[in-house]
$ cat query.cif   # mmCIF, C-alpha atoms
data_target
#
loop_
_atom_site.label_atom_id
_atom_site.label_comp_id
_atom_site.auth_asym_id
_atom_site.auth_seq_id
_atom_site.Cartn_x
_atom_site.Cartn_y
_atom_site.Cartn_z
CA MET W 515 54.47 -23.88 -51.06
CA GLN W 516 55.47 -23.35 -47.48
CA VAL W 517 59.15 -22.77 -46.85
CA THR W 518 60.45 -23.43 -43.35
CA ALA W 519 63.82 -22.17 -42.24
CA VAL W 520 66.22 -24.62 -40.67
CA VAL W 521 66.60 -23.76 -37.02
CA HIS W 522 69.99 -24.70 -35.71
CA ARG W 523 70.26 -26.06 -32.20
CA LEU W 524 73.33 -24.94 -30.25
CA MET W 525 75.03 -26.79 -27.40
CA VAL W 526 77.94 -25.09 -25.60
CA VAL W 527 80.69 -27.22 -24.03
CA ASP W 528 83.13 -25.42 -21.74
CA ASP W 529 84.32 -25.92 -18.16
CA SER W 530 83.95 -22.18 -17.52
CA ASN W 531 80.47 -21.05 -16.51
CA VAL W 532 81.39 -17.47 -17.46
CA ILE W 533 82.29 -18.56 -20.99
CA ARG W 534 79.22 -20.80 -21.35
CA ARG W 535 76.93 -17.93 -20.38
CA ARG W 536 78.84 -15.47 -22.54
CA ILE W 537 78.47 -17.61 -25.67
CA GLU W 538 74.79 -18.10 -24.92
CA ARG W 539 74.26 -14.33 -24.57
CA ALA W 540 76.54 -13.18 -27.36
CA GLN W 541 75.24 -15.31 -30.20
CA ASP W 542 72.68 -13.25 -32.10
CA LEU W 543 71.99 -15.58 -34.99
CA GLU W 544 68.85 -17.57 -35.76
CA VAL W 545 70.02 -20.27 -33.41
CA GLU W 546 68.20 -22.00 -30.60
CA PHE W 547 70.35 -22.49 -27.49
CA VAL W 548 69.51 -25.99 -26.24
CA GLY W 549 71.98 -26.55 -23.41
CA ALA W 550 75.46 -26.45 -21.98
CA ALA W 551 77.90 -29.07 -20.74
CA ARG W 552 80.87 -28.64 -18.41
CA ASN W 553 83.15 -31.24 -19.98
CA GLY W 554 83.32 -33.82 -22.74
CA ARG W 555 81.70 -36.58 -20.71
CA GLU W 556 78.68 -34.41 -19.91
CA ALA W 557 78.44 -33.36 -23.55
CA LEU W 558 78.24 -36.99 -24.67
CA GLU W 559 75.57 -37.70 -22.06
CA MET W 560 73.50 -34.67 -23.10
CA HIS W 561 73.92 -35.10 -26.84
CA ALA W 562 71.19 -37.71 -27.35
CA ALA W 563 68.57 -35.73 -25.44
CA LEU W 564 69.44 -32.27 -26.77
CA ARG W 565 70.06 -33.24 -30.41
CA PRO W 566 72.20 -30.20 -31.21
CA THR W 567 73.16 -29.35 -34.79
CA LEU W 568 75.89 -26.91 -33.71
CA VAL W 569 78.39 -27.29 -30.88
CA THR W 570 81.01 -24.93 -29.47
CA MET W 571 83.73 -26.99 -27.83
CA ASP W 572 86.50 -26.02 -25.40
CA LEU W 573 89.58 -28.25 -25.45
CA THR W 574 91.17 -28.12 -21.98
CA MET W 575 88.52 -29.58 -19.68
CA PRO W 576 88.48 -32.05 -16.78
CA GLU W 577 87.15 -35.63 -17.08
CA MET W 578 87.11 -35.69 -20.88
CA ASP W 579 88.88 -33.10 -23.01
CA GLY W 580 87.46 -31.47 -26.09
CA ALA W 581 89.56 -33.32 -28.66
CA GLU W 582 88.32 -36.73 -27.49
CA CYS W 583 84.76 -35.44 -27.28
CA VAL W 584 84.87 -34.03 -30.84
CA ALA W 585 85.95 -37.44 -32.18
CA LYS W 586 83.19 -39.27 -30.26
CA LEU W 587 80.45 -36.82 -31.24
CA ILE W 588 81.43 -36.98 -34.92
CA GLU W 589 81.40 -40.79 -34.72
CA ARG W 590 77.77 -40.57 -33.54
CA ASP W 591 76.72 -37.76 -35.84
CA PRO W 592 79.00 -37.03 -38.81
CA ASP W 593 76.83 -34.04 -39.80
CA LEU W 594 77.30 -32.28 -36.46
CA ARG W 595 78.98 -28.89 -36.92
CA ILE W 596 81.55 -28.29 -34.20
CA LEU W 597 83.37 -25.02 -33.56
CA VAL W 598 86.36 -25.42 -31.26
CA VAL W 599 86.67 -22.39 -28.96
CA SER W 600 89.96 -22.63 -27.12
CA ALA W 601 92.84 -20.59 -25.75
CA LEU W 602 95.31 -23.11 -27.19
CA ALA W 603 96.69 -20.91 -29.92
CA ASP W 604 99.23 -23.09 -31.72
CA LYS W 605 98.51 -24.22 -35.26
CA LEU W 606 98.98 -27.92 -34.55
CA THR W 607 96.17 -27.89 -31.98
CA ALA W 608 93.81 -26.34 -34.52
CA ILE W 609 94.85 -28.84 -37.21
CA GLU W 610 94.33 -31.78 -34.84
CA ALA W 611 90.86 -30.55 -33.92
CA LEU W 612 89.93 -30.23 -37.59
CA GLU W 613 91.29 -33.70 -38.29
CA LYS W 614 89.02 -35.10 -35.59
CA GLY W 615 86.02 -33.60 -37.32
CA ALA W 616 85.62 -30.03 -36.04
CA ARG W 617 84.71 -27.56 -38.80
CA GLY W 618 86.11 -24.38 -37.29
CA PHE W 619 88.45 -22.99 -34.68
CA LEU W 620 88.03 -19.76 -32.69
CA CYS W 621 90.84 -18.71 -30.40
CA LYS W 622 90.10 -17.25 -26.97
CA PRO W 623 89.89 -14.42 -26.17
CA PHE W 624 87.19 -13.46 -28.67
CA THR W 625 84.80 -10.59 -29.24
CA ASP W 626 81.05 -11.08 -29.70
CA ARG W 627 81.49 -10.21 -33.35
CA GLN W 628 84.22 -12.80 -33.86
CA LEU W 629 82.03 -15.44 -32.21
CA ASN W 630 79.05 -14.64 -34.40
CA GLU W 631 81.16 -14.60 -37.55
CA ALA W 632 82.63 -17.99 -36.64
CA LEU W 633 79.17 -19.44 -35.90
CA GLN W 634 77.78 -18.02 -39.14
CA LYS W 635 80.66 -19.59 -41.05
CA LEU W 636 79.93 -22.88 -39.30
CA ILE W 637 76.26 -22.70 -40.32
CA ASN W 638 77.27 -21.98 -43.92
CA THR W 639 79.61 -24.98 -44.18
CA MET Q 1097 113.81 -18.85 -25.51
CA SER Q 1098 115.30 -16.02 -23.42
CA SER Q 1099 113.54 -14.67 -20.35
CA GLU Q 1100 112.95 -11.43 -22.20
CA ALA Q 1101 111.29 -13.26 -25.08
CA GLU Q 1102 109.21 -15.30 -22.63
CA VAL Q 1103 108.00 -12.12 -20.93
CA THR Q 1104 107.10 -10.56 -24.29
CA VAL Q 1105 104.90 -13.56 -25.12
CA PHE Q 1106 102.88 -13.07 -21.94
CA LEU Q 1107 102.78 -9.26 -22.22
CA GLU Q 1108 101.19 -9.55 -25.66
CA SER Q 1109 98.69 -12.08 -24.37
CA VAL Q 1110 97.71 -9.86 -21.42
CA LEU Q 1111 97.21 -6.77 -23.59
CA ASN Q 1112 95.19 -8.73 -26.15
CA TYR Q 1113 93.00 -10.30 -23.47
CA PHE Q 1114 91.89 -7.03 -21.91
CA SER Q 1115 91.34 -5.16 -25.17
CA THR Q 1116 89.33 -8.08 -26.58
CA THR Q 1117 87.33 -9.37 -23.64
CA VAL Q 1118 86.55 -6.23 -21.65
CA GLN Q 1119 87.29 -3.70 -24.41
CA GLN Q 1120 89.48 -1.57 -22.17
CA ALA Q 1121 93.24 -1.66 -22.45
CA ALA Q 1122 95.40 -2.84 -19.59
CA VAL Q 1123 98.80 -1.36 -18.80
CA CYS Q 1124 101.66 -3.69 -17.94
CA GLY Q 1125 104.25 -2.41 -15.50
CA THR Q 1126 107.91 -3.33 -15.59
CA PRO Q 1127 108.30 -7.08 -15.06
CA PHE Q 1128 110.61 -8.08 -12.23
CA LEU Q 1129 112.16 -11.21 -10.78
CA ALA Q 1130 110.79 -12.14 -7.38
CA ILE Q 1131 114.15 -12.83 -5.75
CA ASP Q 1132 114.18 -13.97 -2.13
CA ARG Q 1133 110.51 -13.25 -1.71
CA ILE Q 1134 107.33 -15.03 -2.58
CA PRO Q 1135 105.06 -13.09 -4.95
CA GLU Q 1136 102.18 -11.47 -3.11
CA LEU Q 1137 98.76 -12.79 -3.98
CA SER Q 1138 95.51 -10.88 -4.22
CA ASP Q 1139 91.93 -11.95 -3.36
CA PHE Q 1140 91.62 -14.55 -6.14
CA THR Q 1141 94.38 -16.48 -7.87
CA GLY Q 1142 94.06 -18.78 -10.87
CA MET Q 1143 96.96 -21.12 -11.44
CA ILE Q 1144 97.94 -23.33 -14.38
CA LYS Q 1145 100.59 -26.02 -14.13
CA ILE Q 1146 102.87 -26.28 -17.13
CA SER Q 1147 104.42 -29.56 -18.21
CA GLY Q 1148 106.11 -31.04 -21.26
CA LYS Q 1149 108.80 -29.01 -22.96
CA TYR Q 1150 108.67 -26.58 -20.03
CA GLU Q 1151 107.78 -27.15 -16.39
CA GLY Q 1152 106.40 -24.56 -14.03
CA ILE Q 1153 103.38 -22.43 -13.34
CA VAL Q 1154 101.46 -19.48 -14.73
CA ALA Q 1155 99.29 -17.67 -12.18
CA PHE Q 1156 97.02 -14.65 -12.44
CA THR Q 1157 96.05 -12.91 -9.21
CA ALA Q 1158 93.52 -10.09 -8.90
CA PRO Q 1159 91.33 -8.27 -6.36
CA LYS Q 1160 87.66 -9.15 -6.09
CA SER Q 1161 86.58 -5.64 -7.12
CA MET Q 1162 88.50 -5.87 -10.39
CA LEU Q 1163 87.04 -9.26 -11.26
CA CYS Q 1164 83.52 -7.96 -10.52
CA VAL Q 1165 83.97 -5.06 -12.93
CA MET Q 1166 85.40 -7.38 -15.56
CA LEU Q 1167 82.35 -9.63 -15.24
CA MET Q 1168 80.09 -6.60 -15.62
CA ARG Q 1169 81.97 -5.57 -18.77
CA MET Q 1170 81.26 -9.09 -20.07
CA GLN Q 1171 77.52 -8.51 -19.43
CA GLU Q 1172 77.57 -11.03 -16.59
CA THR Q 1173 75.14 -10.08 -13.83
CA ASP Q 1174 75.95 -12.80 -11.32
CA MET Q 1175 78.98 -11.80 -9.21
CA CYS Q 1176 78.90 -14.93 -7.06
CA GLN Q 1177 82.12 -16.40 -5.74
CA GLU Q 1178 81.84 -19.30 -8.17
CA ASN Q 1179 81.91 -16.93 -11.14
CA LEU Q 1180 84.81 -14.93 -9.68
CA CYS Q 1181 86.81 -18.16 -9.27
CA ASP Q 1182 85.76 -19.22 -12.74
CA LEU Q 1183 86.91 -15.94 -14.29
CA VAL Q 1184 90.31 -15.81 -12.59
CA GLY Q 1185 90.95 -19.42 -13.65
CA GLU Q 1186 89.80 -18.74 -17.20
CA ILE Q 1187 92.14 -15.74 -17.47
CA ALA Q 1188 95.12 -17.82 -16.30
CA ASN Q 1189 94.05 -20.52 -18.78
CA THR Q 1190 93.85 -18.02 -21.63
CA PHE Q 1191 97.27 -16.48 -20.93
CA SER Q 1192 98.83 -19.97 -20.77
CA GLY Q 1193 97.00 -21.36 -23.78
CA ASN Q 1194 97.84 -18.36 -25.95
CA ALA Q 1195 101.51 -18.84 -25.07
CA ARG Q 1196 101.50 -22.10 -27.06
CA ARG Q 1197 101.55 -19.99 -30.20
CA ASP Q 1198 105.18 -19.18 -29.33
CA PHE Q 1199 106.23 -21.99 -26.97
CA GLY Q 1200 104.84 -24.74 -29.18
CA HIS Q 1201 102.58 -27.75 -28.97
CA GLN Q 1202 104.62 -29.39 -26.18
CA PHE Q 1203 103.79 -26.54 -23.79
CA ASN Q 1204 101.14 -28.53 -21.92
CA ILE Q 1205 98.73 -26.71 -19.65
CA SER Q 1206 96.59 -28.11 -16.84
CA VAL Q 1207 93.04 -27.17 -16.03
CA PRO Q 1208 93.03 -24.17 -13.66
CA THR Q 1209 93.13 -24.40 -9.89
CA VAL Q 1210 91.90 -21.40 -7.92
CA SER Q 1211 92.81 -20.15 -4.46
CA ILE Q 1212 90.95 -17.51 -2.51
CA GLY Q 1213 92.62 -15.14 -0.05
CA ARG Q 1214 95.71 -13.02 0.19
CA LYS Q 1215 97.35 -15.26 2.77
CA ASN Q 1216 97.81 -18.10 0.30
CA THR Q 1217 101.14 -18.67 -1.37
CA LEU Q 1218 102.14 -20.19 -4.68
CA GLU Q 1219 103.82 -23.56 -4.47
CA LEU Q 1220 107.21 -22.97 -6.03
CA PRO Q 1221 110.45 -24.94 -5.78
CA GLU Q 1222 112.95 -23.60 -3.25
CA GLY Q 1223 115.11 -20.91 -4.78
CA ALA Q 1224 112.69 -20.36 -7.65
CA ARG Q 1225 112.80 -16.91 -9.21
CA PRO Q 1226 109.46 -16.33 -10.85
CA ILE Q 1227 108.84 -13.36 -13.10
CA VAL Q 1228 106.10 -11.01 -11.93
CA ILE Q 1229 104.30 -8.85 -14.49
CA PRO Q 1230 102.27 -6.08 -12.84
CA ILE Q 1231 98.99 -5.42 -14.65
CA GLY Q 1232 97.01 -2.21 -14.21
CA TRP Q 1233 93.45 -2.04 -15.47
CA ARG Q 1234 91.25 0.99 -14.75
CA ASN Q 1235 92.36 1.78 -11.20
CA TYR Q 1236 92.95 -1.85 -10.19
CA SER Q 1237 96.21 -3.69 -9.71
CA SER Q 1238 96.69 -7.34 -10.52
CA SER Q 1239 99.65 -9.43 -11.57
CA LEU Q 1240 100.76 -12.37 -13.62
CA VAL Q 1241 103.36 -14.69 -12.13
CA VAL Q 1242 105.33 -16.87 -14.52
CA TYR Q 1243 107.80 -19.54 -13.47
CA LEU Q 1244 109.15 -21.74 -16.26
CA GLN Q 1245 112.07 -24.14 -16.36
#

$ encode --input "query.cif" --output "structure tokens"
Amino acid sequence: MQVTAVVHRLMVVDDSNVIRRRIERAQDLEVEFVGAARNGREALEMHAALRPTLVTMDLTMPEMDGAECVAKLIERDPDLRILVVSALADKLTAIEALEKGARGFLCKPFTDRQLNEALQKLINT
Amino acid sequence: MSSEAEVTVFLESVLNYFSTTVQQAAVCGTPFLAIDRIPELSDFTGMIKISGKYEGIVAFTAPKSMLCVMLMRMQETDMCQENLCDLVGEIANTFSGNARRDFGHQFNISVPTVSIGRKNTLELPEGARPIVIPIGWRNYSSSLVVYLQ
């Protein structure tokens, strides 16, 4: 019997190019990086073509913020695993993101190790 | 919240940012009130507008050389102006966003705006007395300007 491992497909959503590239470089898991979006609107446009299984999502972004985008992505794909990566450090923000369908919350600033641990946890959910 | 408590919130955020993101500690100098003078800006300034429970601005200003070294420490190889603007805005965003842990959910922050050049000035109400927190990192000098009402 042939066993094939599930390859997760990662899309990064953040208005900061530096952060997008950092997440792409730092993740060292068995994850395929499929693309990056600069705001929620772009993420929705790219979602159908990229078919990610994992998403990292900033919250404070122009055009469409992360909270709205999380809700819309989950409406399209309830199995999508979304990790919110935001500087907004209050508990209520994290709770709201989880209520909209995100499965994890990582506060900026973060180390590479913290990012990988959060992504691994997301994969394991 | 007292001014002293407000300053402490930002000091903690600054120290955490540098030790986490570039793995080298920053040193904060003695914060001071910019009375009768506009805070001096460096090469790049990232500014966040605060609204809601508080109104005001949070701005981080730093020399180009410092931002370049920070990017290098983050394994970024492209030191283009776009990335320097991006970084200075992201730092201001992180300091402001982290402050919500203490200021609460109604401490609303804007997306960052960035200005380039030392001749620029921060748009502050007349008579405003912003707090300036000097930040030393390696041999570079930057500062955080906080004005909250």

$ closest_residue --input "query.cif" --among "W:Ala557, W:Pro576, W:Val569, W:Leu543" --to "Asp529 (chain W)" --atoms "only C-alpha atoms"
W:Pro576

$ resolve_selection --input "query.cif" --expression "the PyMOL selection byres ((chain Q) within 9 of (chain W))" --output "ChimeraX atom specification"
/Q:1112-1114,1116-1119,1167,1170-1172,1178-1180,1182-1183,1185-1186,1189-1201,1205-1207

$ resolve_selection --input "query.cif" --expression "the PyMOL selection byres ((chain W and resi 636-639) around 8)" --output "list in words"
Leu568, Arg595, Ile596, Leu597, Arg617, Gly618, Ala632, Leu633, Gln634 and Lys635 of chain W

$ atom_distance --input "query.cif" --atom1 "CA of Val1228 (chain Q)" --atom2 "CA of Val1241 (chain Q)"
4.6 Å

$ residues_around --input "query.cif" --residues "Ala1155 (chain Q)" --least-positions-apart "2" --cutoff "9 Å" --atoms "all atoms listed in the file" --output "ChimeraX atom specification"
/Q:1141-1145,1153,1157,1185,1188-1189,1192,1218,1239-1243

$ closest_residue --input "query.cif" --among "Q:Cys1181, Q:Ser1109, Q:Ile1227, Q:Ser1211" --to "Leu1129 (chain Q)" --atoms "all atoms listed in the file"
Q:Ile1227

$ resolve_selection --input "query.cif" --expression "the PyMOL selection byres ((chain Q and resi 1131) around 10)" --output "JSON, numbers by chain"
{"Q": [1128, 1129, 1130, 1132, 1133, 1134, 1135, 1223, 1224, 1225, 1226, 1227]}

$ write_last_selection --input "query.cif" --atoms "C-alpha atoms" --output "PDB file, keeping the file's coordinate frame"
ATOM      1  CA  PHE Q1128     110.610  -8.080 -12.230  1.00  0.00           C
ATOM      2  CA  LEU Q1129     112.160 -11.210 -10.780  1.00  0.00           C
ATOM      3  CA  ALA Q1130     110.790 -12.140  -7.380  1.00  0.00           C
ATOM      4  CA  ASP Q1132     114.180 -13.970  -2.130  1.00  0.00           C
ATOM      5  CA  ARG Q1133     110.510 -13.250  -1.710  1.00  0.00           C
ATOM      6  CA  ILE Q1134     107.330 -15.030  -2.580  1.00  0.00           C
ATOM      7  CA  PRO Q1135     105.060 -13.090  -4.950  1.00  0.00           C
ATOM      8  CA  GLY Q1223     115.110 -20.910  -4.780  1.00  0.00           C
ATOM      9  CA  ALA Q1224     112.690 -20.360  -7.650  1.00  0.00           C
ATOM     10  CA  ARG Q1225     112.800 -16.910  -9.210  1.00  0.00           C
ATOM     11  CA  PRO Q1226     109.460 -16.330 -10.850  1.00  0.00           C
ATOM     12  CA  ILE Q1227     108.840 -13.360 -13.100  1.00  0.00           C
TER      13      ILE Q1227
END

$ residues_around --input "query.cif" --residues "Cys583 (chain W)" --least-positions-apart "4" --cutoff "9 Å" --atoms "all atoms listed in the file" --output "ChimeraX atom specification"
/W:553-555,557-558,571,573,578-579,587-588

$ residues_around --input "query.cif" --residues "Lys1149 (chain Q)" --least-positions-apart "3" --cutoff "8 Å" --atoms "all atoms listed in the file" --output "list in words"
Gln1202, Phe1203 and Asn1204 of chain Q

$ atom_distance --input "query.cif" --atom1 "CA of Glu631 (chain W)" --atom2 "CA of Asp542 (chain W)"
10.2 Å

$ residues_around --input "query.cif" --residues "Val521 (chain W)" --least-positions-apart "4" --cutoff "9 Å" --atoms "only C-alpha atoms" --output "PyMOL selection string"
chain W and resi 544-546+567

$ atom_distance --input "query.cif" --atom1 "CA of Pro1127 (chain Q)" --atom2 "CA of Pro1230 (chain Q)"
6.5 Å
